[in-house]
file structure.txt (compact mmCIF, C-alpha atoms)
# COMPACT_ATOMS: atom_id res chain seq x y z
CA MET A 1 0.00 0.00 0.00
CA SER A 2 1.35 3.43 -0.91
CA ILE A 3 1.23 6.58 1.18
CA ARG A 4 -1.37 7.97 -1.24
CA ASP A 5 -3.54 4.86 -0.78
CA ALA A 6 -3.23 5.12 2.98
CA MET A 7 -4.03 8.86 2.97
CA SER A 8 -7.18 8.21 0.90
CA HIS A 9 -8.67 6.45 3.94
CA ILE A 10 -8.73 9.64 6.00
CA THR A 11 -12.38 10.68 6.12
CA HIS A 12 -13.52 14.13 5.02
CA GLY A 13 -16.73 15.96 4.45
CA THR A 14 -17.43 17.68 1.14
CA TYR A 15 -17.60 21.46 1.14
CA VAL A 16 -17.87 24.40 -1.23
CA ILE A 17 -15.87 27.50 -0.34
CA GLY A 18 -17.48 30.78 -1.44
CA THR A 19 -15.65 34.06 -1.99
CA LYS A 20 -16.40 37.43 -3.53
CA THR A 21 -14.35 40.45 -4.50
CA ARG A 22 -15.66 43.60 -6.18
CA GLU A 23 -14.89 42.01 -9.54
CA LYS A 24 -15.93 38.37 -9.14
CA GLU A 25 -17.72 35.66 -7.15
CA ASN A 26 -16.27 32.16 -6.94
CA LEU A 27 -17.09 28.71 -5.58
CA MET A 28 -14.59 25.87 -5.02
CA THR A 29 -15.08 22.29 -3.84
CA ALA A 30 -12.90 21.38 -0.86
CA ALA A 31 -12.43 18.39 1.42
CA TRP A 32 -9.54 19.49 3.64
CA LEU A 33 -11.42 21.35 6.36
CA SER A 34 -11.41 20.97 10.13
CA GLN A 35 -12.73 22.67 13.24
CA VAL A 36 -9.79 24.05 15.21
CA SER A 37 -11.54 25.82 18.10
CA SER A 38 -14.97 26.02 19.69
CA ARG A 39 -14.64 29.28 21.68
CA PRO A 40 -14.57 31.17 19.48
CA ALA A 41 -15.73 28.78 16.78
CA CYS A 42 -12.90 28.53 14.24
CA ILE A 43 -12.20 26.32 11.25
CA ALA A 44 -9.23 25.77 8.97
CA VAL A 45 -9.43 24.99 5.26
CA ALA A 46 -6.53 24.10 2.97
CA VAL A 47 -6.54 25.64 -0.53
CA SER A 48 -3.89 25.31 -3.22
CA GLU A 49 -1.90 28.52 -3.50
CA LYS A 50 -2.54 28.36 -7.28
CA HIS A 51 -6.33 28.51 -6.96
CA LEU A 52 -8.28 31.70 -7.54
CA THR A 53 -10.07 31.04 -4.25
CA ALA A 54 -6.80 31.43 -2.32
CA GLU A 55 -6.14 34.81 -3.96
CA MET A 56 -9.68 35.97 -3.25
CA ILE A 57 -9.67 34.95 0.42
CA GLU A 58 -6.34 36.71 0.95
CA LYS A 59 -7.70 39.82 -0.76
CA THR A 60 -11.04 40.02 1.08
CA GLY A 61 -10.28 38.41 4.45
CA SER A 62 -13.51 36.42 4.48
CA PHE A 63 -15.16 33.32 3.00
CA THR A 64 -18.11 30.98 3.37
CA VAL A 65 -18.31 27.22 3.68
CA SER A 66 -21.29 25.28 2.35
CA VAL A 67 -21.43 21.80 3.90
CA LEU A 68 -22.80 19.72 1.04
CA SER A 69 -25.67 17.30 1.55
CA GLU A 70 -25.76 13.80 0.06
CA GLU A 71 -27.90 15.09 -2.80
CA GLN A 72 -25.37 17.69 -4.00
CA TYR A 73 -22.99 15.64 -6.15
CA GLY A 74 -23.66 17.93 -9.11
CA GLU A 75 -22.57 20.99 -7.17
CA ALA A 76 -19.47 19.19 -5.87
CA TYR A 77 -18.56 18.18 -9.43
CA ARG A 78 -19.12 21.59 -11.06
CA CYS A 79 -17.34 23.58 -8.35
CA GLY A 80 -14.43 21.13 -8.29
CA THR A 81 -13.74 20.47 -11.97
CA ILE A 82 -14.07 23.93 -13.53
CA SER A 83 -11.55 26.72 -12.97
CA GLY A 84 -12.93 29.97 -11.59
CA ARG A 85 -10.40 31.76 -13.80
CA GLU A 86 -12.09 30.33 -16.91
CA ALA A 87 -15.78 30.28 -15.98
CA ASP A 88 -18.27 31.79 -13.55
CA LYS A 89 -19.11 28.79 -11.35
CA THR A 90 -21.95 30.67 -9.65
CA VAL A 91 -24.08 30.64 -12.83
CA GLY A 92 -26.98 28.23 -12.44
CA GLU A 93 -26.38 27.65 -8.72
CA SER A 94 -29.02 28.50 -6.13
CA LEU A 95 -27.16 30.93 -3.87
CA GLU A 96 -27.59 33.06 -0.80
CA TYR A 97 -25.09 35.57 0.57
CA ASP A 98 -23.58 36.28 3.96
CA GLU A 99 -23.30 39.76 5.47
CA LYS A 100 -20.02 40.39 3.56
CA GLY A 101 -21.56 39.36 0.22
CA ASN A 102 -19.85 35.95 -0.01
CA PRO A 103 -21.96 33.30 -1.76
CA PHE A 104 -23.04 29.99 -0.25
CA LEU A 105 -25.25 27.23 -1.63
CA LYS A 106 -28.87 27.71 -0.58
CA ASP A 107 -29.70 24.00 -0.33
CA ALA A 108 -26.57 22.90 1.55
CA ALA A 109 -26.82 20.88 4.75
CA ALA A 110 -25.22 23.84 6.55
CA TYR A 111 -23.29 27.01 5.93
CA LEU A 112 -20.64 28.91 7.83
CA SER A 113 -19.49 32.48 7.27
CA CYS A 114 -15.90 33.14 8.30
CA LYS A 115 -13.63 36.08 9.04
CA LEU A 116 -10.01 35.29 8.20
CA LEU A 117 -7.84 35.17 11.33
CA ASP A 118 -4.59 33.73 10.03
CA THR A 119 -2.88 31.93 7.16
CA VAL A 120 -0.18 29.28 7.22
CA LYS A 121 1.68 28.21 4.09
CA VAL A 122 2.09 24.41 3.99
CA THR A 123 4.07 23.26 0.94
CA ASP A 124 1.87 24.18 -2.06
CA HIS A 125 -1.27 24.95 -0.01
CA ILE A 126 -2.40 27.76 2.24
CA LEU A 127 -4.20 26.92 5.43
CA PHE A 128 -6.86 29.59 5.99
CA ILE A 129 -7.99 29.84 9.60
CA GLY A 130 -11.32 31.58 9.99
CA GLU A 131 -13.52 32.58 12.88
CA VAL A 132 -17.14 31.57 12.24
CA THR A 133 -19.24 34.72 12.45
CA GLU A 134 -22.59 33.28 11.33
CA GLY A 135 -24.03 29.97 10.22
CA ASN A 136 -27.00 27.67 10.08
CA GLY A 137 -27.59 23.94 9.79
CA THR A 138 -30.38 21.67 8.61
CA PRO A 139 -31.28 18.02 9.32
CA LYS A 140 -29.89 16.99 5.89
CA LYS A 141 -27.20 14.30 5.89
CA ASP A 142 -23.68 15.52 5.04
CA MET A 143 -21.84 14.21 1.98
CA VAL A 144 -18.72 12.18 2.74
CA TYR A 145 -15.90 13.07 0.36
CA CYS A 146 -15.08 10.44 -2.26
CA MET A 147 -13.57 11.77 -5.51
CA GLU A 148 -14.72 8.73 -7.51
CA GLU A 149 -18.34 9.20 -6.40
CA ILE A 150 -18.26 12.93 -7.16
CA LEU A 151 -16.91 12.26 -10.66
CA THR A 152 -19.41 9.46 -11.31
CA LYS A 153 -22.58 10.78 -9.66
CA GLY A 154 -21.97 14.48 -10.22
CA LYS A 155 -21.11 14.60 -13.91
CA GLY A 156 -24.65 14.12 -15.17
CA LYS A 157 -26.38 16.38 -12.66
call {"tool": "encode", "arguments": {"input": "structure.txt", "output": "structure tokens"}}
result
Amino acid sequence: MSIRDAMSHITHGTYVIGTKTREKENLMTAAWLSQVSSRPACIAVAVSEKHLTAEMIEKTGSFTVSVLSEEQYGEAYRCGTISGREADKTVGESLEYDEKGNPFLKDAAAYLSCKLLDTVKVTDHILFIGEVTEGNGTPKKDMVYCMEEILTKGKGK
């Protein structure tokens, strides 16, 4: 078994990170997210330093997290396979906005709105640590991250 095979057994949820600058809105599928504090409520999300989302979070100092439900494979696929530099991934999505204007998916199992507290560069990713400033959850069941399922179930939706 390789390190990559072993790492694939670490469980993750499936999330969509939302950001907005004056010029653009963007959505990005993510799986590397964790709660890091409860008082105040804080989370950390890892984003490739090459992604538009990383640039936008650094520029605005805020972001949202949509916790995807088991029915949202289409959203996970679209927001994870298309570059925000090449297309507007918000088109056709049912969105709401937090108090800073960042988009989140209306039908998600939950959403969190975050104020950026700190960043840590880790190899080719940036760990964004955010304080949760607002949020809401539903009884919907969360989607467990599995790239193969997202590619298979999400492509046709």
call {"tool": "residues_around", "arguments": {"input": "structure.txt", "residues": "segment 52-63 of chain A", "least_positions_apart": "5", "cutoff": "9 Å", "atoms": "all atoms listed in the file", "output": "ChimeraX atom specification"}}
result
/A:17-21,24-28,47,83-85,98,100,102-103,112-117,119,125-126,128,130
call {"tool": "residues_around", "arguments": {"input": "structure.txt", "residues": "Gly156 of chain A", "least_positions_apart": "3", "cutoff": "12 Å", "atoms": "only C-alpha atoms", "output": "ChimeraX atom specification"}}
result
/A:72-78,149-153
call {"tool": "atom_distance", "arguments": {"input": "structure.txt", "atom1": "atom CA of Glu93 of chain A", "atom2": "atom CA of Thr29 of chain A"}}
result
13.4 Å
call {"tool": "residues_around", "arguments": {"input": "structure.txt", "residues": "Ile43 of chain A", "least_positions_apart": "2", "cutoff": "8 Å", "atoms": "all atoms listed in the file", "output": "PDB file with C-alpha atoms, in the coordinates of the input"}}
result
ATOM      1  CA  LEU A  33     -11.420  21.350   6.360  1.00  0.00           C
ATOM      2  CA  SER A  34     -11.410  20.970  10.130  1.00  0.00           C
ATOM      3  CA  GLN A  35     -12.730  22.670  13.240  1.00  0.00           C
ATOM      4  CA  VAL A  36      -9.790  24.050  15.210  1.00  0.00           C
ATOM      5  CA  SER A  37     -11.540  25.820  18.100  1.00  0.00           C
ATOM      6  CA  ALA A  41     -15.730  28.780  16.780  1.00  0.00           C
ATOM      7  CA  VAL A  45      -9.430  24.990   5.260  1.00  0.00           C
ATOM      8  CA  ILE A 129      -7.990  29.840   9.600  1.00  0.00           C
ATOM      9  CA  GLY A 130     -11.320  31.580   9.990  1.00  0.00           C
ATOM     10  CA  GLU A 131     -13.520  32.580  12.880  1.00  0.00           C
ATOM     11  CA  VAL A 132     -17.140  31.570  12.240  1.00  0.00           C
TER      12      VAL A 132
END
call {"tool": "closest_residue", "arguments": {"input": "structure.txt", "among": "A:Ser8, A:Ser48, A:Asn136, A:Ser66", "to": "Val122 of chain A", "atoms": "all atoms listed in the file"}}
result
A:Ser48
call {"tool": "atom_distance", "arguments": {"input": "structure.txt", "atom1": "atom CA of Glu96 of chain A", "atom2": "atom CA of Thr11 of chain A"}}
result
27.9 Å
call {"tool": "atom_distance", "arguments": {"input": "structure.txt", "atom1": "atom CA of Gly92 of chain A", "atom2": "atom CA of Asp107 of chain A"}}
result
13.1 Å
call {"tool": "residues_around", "arguments": {"input": "structure.txt", "residues": "Asp142 of chain A", "least_positions_apart": "4", "cutoff": "8 Å", "atoms": "only C-alpha atoms", "output": "JSON, numbers by chain"}}
result
{"A": [13, 14, 67, 68, 69, 70, 109]}
call {"tool": "closest_residue", "arguments": {"input": "structure.txt", "among": "A:Met143, A:Leu105, A:Ala44, A:Val91", "to": "Asp118 of chain A", "atoms": "all atoms listed in the file"}}
result
A:Ala44
call {"tool": "closest_residue", "arguments": {"input": "structure.txt", "among": "A:Glu99, A:Glu148, A:Glu49, A:Glu71", "to": "Asp124 of chain A", "atoms": "all atoms listed in the file"}}
result
A:Glu49
call {"tool": "decode", "arguments": {"input": "structure.txt", "residues": "segment 89-100 of chain A", "atoms": "all heavy atoms", "output": "PDB file, in the first residue's frame"}}
result
ATOM      1  N   LYS A  89     -18.509  30.001 -11.922  1.00  0.00           N
ATOM      2  CA  LYS A  89     -19.111  28.795 -11.348  1.00  0.00           C
ATOM      3  C   LYS A  89     -20.385  29.085 -10.568  1.00  0.00           C
ATOM      4  O   LYS A  89     -21.070  28.161 -10.155  1.00  0.00           O
ATOM      5  CB  LYS A  89     -18.099  28.083 -10.460  1.00  0.00           C
ATOM      6  CG  LYS A  89     -16.929  27.531 -11.242  1.00  0.00           C
ATOM      7  CD  LYS A  89     -16.077  26.607 -10.411  1.00  0.00           C
ATOM      8  CE  LYS A  89     -14.996  27.336  -9.691  1.00  0.00           C
ATOM      9  NZ  LYS A  89     -14.078  26.408  -8.972  1.00  0.00           N
ATOM     10  N   THR A  90     -20.718  30.344 -10.373  1.00  0.00           N
ATOM     11  CA  THR A  90     -21.953  30.670  -9.654  1.00  0.00           C
ATOM     12  C   THR A  90     -23.179  30.608 -10.566  1.00  0.00           C
ATOM     13  O   THR A  90     -24.297  30.503 -10.071  1.00  0.00           O
ATOM     14  CB  THR A  90     -21.863  32.062  -8.998  1.00  0.00           C
ATOM     15  OG1 THR A  90     -21.716  33.058 -10.012  1.00  0.00           O
ATOM     16  CG2 THR A  90     -20.693  32.128  -8.019  1.00  0.00           C
ATOM     17  N   VAL A  91     -22.965  30.664 -11.878  1.00  0.00           N
ATOM     18  CA  VAL A  91     -24.078  30.640 -12.832  1.00  0.00           C
ATOM     19  C   VAL A  91     -24.835  29.317 -12.700  1.00  0.00           C
ATOM     20  O   VAL A  91     -24.246  28.242 -12.706  1.00  0.00           O
ATOM     21  CB  VAL A  91     -23.573  30.834 -14.277  1.00  0.00           C
ATOM     22  CG1 VAL A  91     -24.691  30.611 -15.284  1.00  0.00           C
ATOM     23  CG2 VAL A  91     -22.972  32.218 -14.449  1.00  0.00           C
ATOM     24  N   GLY A  92     -26.135  29.411 -12.533  1.00  0.00           N
ATOM     25  CA  GLY A  92     -26.983  28.230 -12.440  1.00  0.00           C
ATOM     26  C   GLY A  92     -27.082  27.636 -11.039  1.00  0.00           C
ATOM     27  O   GLY A  92     -27.853  26.707 -10.816  1.00  0.00           O
ATOM     28  N   GLU A  93     -26.308  28.156 -10.089  1.00  0.00           N
ATOM     29  CA  GLU A  93     -26.381  27.654  -8.717  1.00  0.00           C
ATOM     30  C   GLU A  93     -27.410  28.473  -7.936  1.00  0.00           C
ATOM     31  O   GLU A  93     -27.563  29.662  -8.162  1.00  0.00           O
ATOM     32  CB  GLU A  93     -25.017  27.749  -8.027  1.00  0.00           C
ATOM     33  CG  GLU A  93     -23.918  26.936  -8.675  1.00  0.00           C
ATOM     34  CD  GLU A  93     -24.141  25.433  -8.661  1.00  0.00           C
ATOM     35  OE1 GLU A  93     -25.028  24.940  -7.916  1.00  0.00           O
ATOM     36  OE2 GLU A  93     -23.436  24.733  -9.394  1.00  0.00           O
ATOM     37  N   SER A  94     -28.075  27.828  -7.005  1.00  0.00           N
ATOM     38  CA  SER A  94     -29.023  28.502  -6.134  1.00  0.00           C
ATOM     39  C   SER A  94     -28.241  29.011  -4.928  1.00  0.00           C
ATOM     40  O   SER A  94     -27.792  28.230  -4.093  1.00  0.00           O
ATOM     41  CB  SER A  94     -30.115  27.519  -5.712  1.00  0.00           C
ATOM     42  OG  SER A  94     -31.040  28.152  -4.877  1.00  0.00           O
ATOM     43  N   LEU A  95     -28.051  30.332  -4.870  1.00  0.00           N
ATOM     44  CA  LEU A  95     -27.164  30.932  -3.874  1.00  0.00           C
ATOM     45  C   LEU A  95     -27.880  31.860  -2.909  1.00  0.00           C
ATOM     46  O   LEU A  95     -28.912  32.442  -3.232  1.00  0.00           O
ATOM     47  CB  LEU A  95     -26.071  31.753  -4.584  1.00  0.00           C
ATOM     48  CG  LEU A  95     -25.180  31.022  -5.570  1.00  0.00           C
ATOM     49  CD1 LEU A  95     -24.273  32.010  -6.282  1.00  0.00           C
ATOM     50  CD2 LEU A  95     -24.366  29.952  -4.867  1.00  0.00           C
ATOM     51  N   GLU A  96     -27.275  31.999  -1.739  1.00  0.00           N
ATOM     52  CA  GLU A  96     -27.594  33.058  -0.796  1.00  0.00           C
ATOM     53  C   GLU A  96     -26.269  33.714  -0.468  1.00  0.00           C
ATOM     54  O   GLU A  96     -25.212  33.249  -0.896  1.00  0.00           O
ATOM     55  CB  GLU A  96     -28.272  32.486   0.449  1.00  0.00           C
ATOM     56  CG  GLU A  96     -29.665  31.956   0.148  1.00  0.00           C
ATOM     57  CD  GLU A  96     -30.432  31.568   1.400  1.00  0.00           C
ATOM     58  OE1 GLU A  96     -30.053  32.008   2.508  1.00  0.00           O
ATOM     59  OE2 GLU A  96     -31.407  30.819   1.269  1.00  0.00           O
ATOM     60  N   TYR A  97     -26.309  34.809   0.303  1.00  0.00           N
ATOM     61  CA  TYR A  97     -25.095  35.574   0.570  1.00  0.00           C
ATOM     62  C   TYR A  97     -24.999  35.913   2.047  1.00  0.00           C
ATOM     63  O   TYR A  97     -26.010  36.205   2.688  1.00  0.00           O
ATOM     64  CB  TYR A  97     -25.082  36.860  -0.269  1.00  0.00           C
ATOM     65  CG  TYR A  97     -25.014  36.545  -1.745  1.00  0.00           C
ATOM     66  CD1 TYR A  97     -26.161  36.291  -2.472  1.00  0.00           C
ATOM     67  CD2 TYR A  97     -23.789  36.455  -2.400  1.00  0.00           C
ATOM     68  CE1 TYR A  97     -26.104  35.973  -3.821  1.00  0.00           C
ATOM     69  CE2 TYR A  97     -23.715  36.135  -3.746  1.00  0.00           C
ATOM     70  CZ  TYR A  97     -24.874  35.894  -4.445  1.00  0.00           C
ATOM     71  OH  TYR A  97     -24.806  35.559  -5.781  1.00  0.00           O
ATOM     72  N   ASP A  98     -23.775  35.890   2.570  1.00  0.00           N
ATOM     73  CA  ASP A  98     -23.578  36.281   3.958  1.00  0.00           C
ATOM     74  C   ASP A  98     -23.506  37.803   4.057  1.00  0.00           C
ATOM     75  O   ASP A  98     -23.637  38.512   3.051  1.00  0.00           O
ATOM     76  CB  ASP A  98     -22.340  35.597   4.559  1.00  0.00           C
ATOM     77  CG  ASP A  98     -21.004  36.113   4.028  1.00  0.00           C
ATOM     78  OD1 ASP A  98     -20.972  37.015   3.161  1.00  0.00           O
ATOM     79  OD2 ASP A  98     -19.967  35.604   4.484  1.00  0.00           O
ATOM     80  N   GLU A  99     -23.304  38.314   5.248  1.00  0.00           N
ATOM     81  CA  GLU A  99     -23.301  39.761   5.466  1.00  0.00           C
ATOM     82  C   GLU A  99     -22.182  40.484   4.721  1.00  0.00           C
ATOM     83  O   GLU A  99     -22.270  41.676   4.473  1.00  0.00           O
ATOM     84  CB  GLU A  99     -23.228  40.070   6.961  1.00  0.00           C
ATOM     85  CG  GLU A  99     -21.983  39.520   7.622  1.00  0.00           C
ATOM     86  CD  GLU A  99     -22.002  39.623   9.134  1.00  0.00           C
ATOM     87  OE1 GLU A  99     -23.096  39.738   9.723  1.00  0.00           O
ATOM     88  OE2 GLU A  99     -20.909  39.589   9.726  1.00  0.00           O
ATOM     89  N   LYS A 100     -21.122  39.775   4.326  1.00  0.00           N
ATOM     90  CA  LYS A 100     -20.024  40.389   3.561  1.00  0.00           C
ATOM     91  C   LYS A 100     -20.200  40.214   2.058  1.00  0.00           C
ATOM     92  O   LYS A 100     -19.361  40.635   1.281  1.00  0.00           O
ATOM     93  CB  LYS A 100     -18.688  39.808   4.002  1.00  0.00           C
ATOM     94  CG  LYS A 100     -18.362  40.106   5.449  1.00  0.00           C
ATOM     95  CD  LYS A 100     -16.867  40.177   5.639  1.00  0.00           C
ATOM     96  CE  LYS A 100     -16.496  40.395   7.065  1.00  0.00           C
ATOM     97  NZ  LYS A 100     -16.605  41.691   7.585  1.00  0.00           N
TER      98      LYS A 100
END
